[in-house]
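Scroll down for the structure; my scribbles are underneath it.
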Amino acid sequence: MPELNVGGKTFQVKEGITVLAALQNLGMWKLRNSVSGEARGALCGMGVCYECRLQVDGKTEKTCQVIVQQNMQVMLNAD
Ligand code: FES
């Protein structure tokens, strides 16, 4: 099982799933806040809406399109 680091905490997650799926499996449905402070999370799950975008290994990524790799670093609320 790969390990995913989310905001400084390490979690073991299923292999072969997206970063978004891994986060949701961990109960992390809120990914960030909008500019007005509202909670935001994934909408489409297929790379269209950009609502799942987060910093992954230092780059902004659509997490529904990125497969988990060992020791990935994910930052919530880092738009
Ligand atoms: S959930 Fe819409 S782009 Fe990822």
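Here, A, B, ... name the chains of the structure tokens in the order displayed, residue numbers run from 1 inside each chain, and ligands are numbered from 1 in the same displayed order.
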Exercise. Residues within 9 Å of ligand 1 (only C-alpha atoms and all ligand atoms), as a PyMOL selection string?
Worked result: chain A and resi 20+41-53+61-65
For this session: Name the residues in contact with Leu76 (chain A) at a cut-off of 7 Å, using only C-alpha atoms, excluding same-chain residues fewer than 5 positions from it; report them as a VMD selection string.
Result: chain A and resid 7 31 to 32 54
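The coordinates place CA of Val13 (chain A) at 28.9 Å from CA of Gly37 (chain A).
Taking CA of Glu15 (chain A) as the reference point, CA of Lys59 (chain A) is found at 21.1 Å.
Proximity of A:Asn71, A:Asn77, A:Thr60, A:Asn25 to Lys9 (chain A), computed with only C-alpha atoms, is greatest for A:Asn71.
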Problem set entry | Backbone-only DSSP, alpha helix (DSSP H) members of chain A, as a list in words | Val19, Leu20, Ala21, Ala22, Leu23, Gln24 and Asn25 of chain A
Could those selected residues go to a file with N, CA and C atoms, as a CSV table (one decimal), in the first residue's frame?
```
chain,number,residue,atom,x,y,z
A,19,VAL,N,-5.7,10.3,-6.3
A,19,VAL,CA,-5.5,11.1,-5.0
A,19,VAL,C,-6.8,11.5,-4.4
A,20,LEU,N,-7.7,12.0,-5.3
A,20,LEU,CA,-9.0,12.4,-4.8
A,20,LEU,C,-9.7,11.2,-4.1
A,21,ALA,N,-9.7,10.0,-4.7
A,21,ALA,CA,-10.4,8.9,-4.1
A,21,ALA,C,-9.7,8.5,-2.8
A,22,ALA,N,-8.4,8.6,-2.7
A,22,ALA,CA,-7.7,8.3,-1.5
A,22,ALA,C,-8.1,9.3,-0.4
A,23,LEU,N,-8.2,10.6,-0.7
A,23,LEU,CA,-8.6,11.6,0.2
A,23,LEU,C,-10.1,11.3,0.7
A,24,GLN,N,-10.9,11.0,-0.2
A,24,GLN,CA,-12.3,10.8,0.1
A,24,GLN,C,-12.4,9.5,1.0
A,25,ASN,N,-11.6,8.5,0.7
A,25,ASN,CA,-11.6,7.3,1.5
A,25,ASN,C,-11.2,7.6,2.9
```
Seminar exercise, completed: Atom pair CA of Lys30 (chain A) + CA of Lys14 (chain A), distance 19.8 Å
For this session: Taking the chain letters and numbering used in this document, name the residues of region 24-79 of chain A that DSSP puts in strand (DSSP E), as a VMD selection string.
Result: chain A and resid 32 to 33 39 to 40 53 to 56 59 to 62 72 to 75
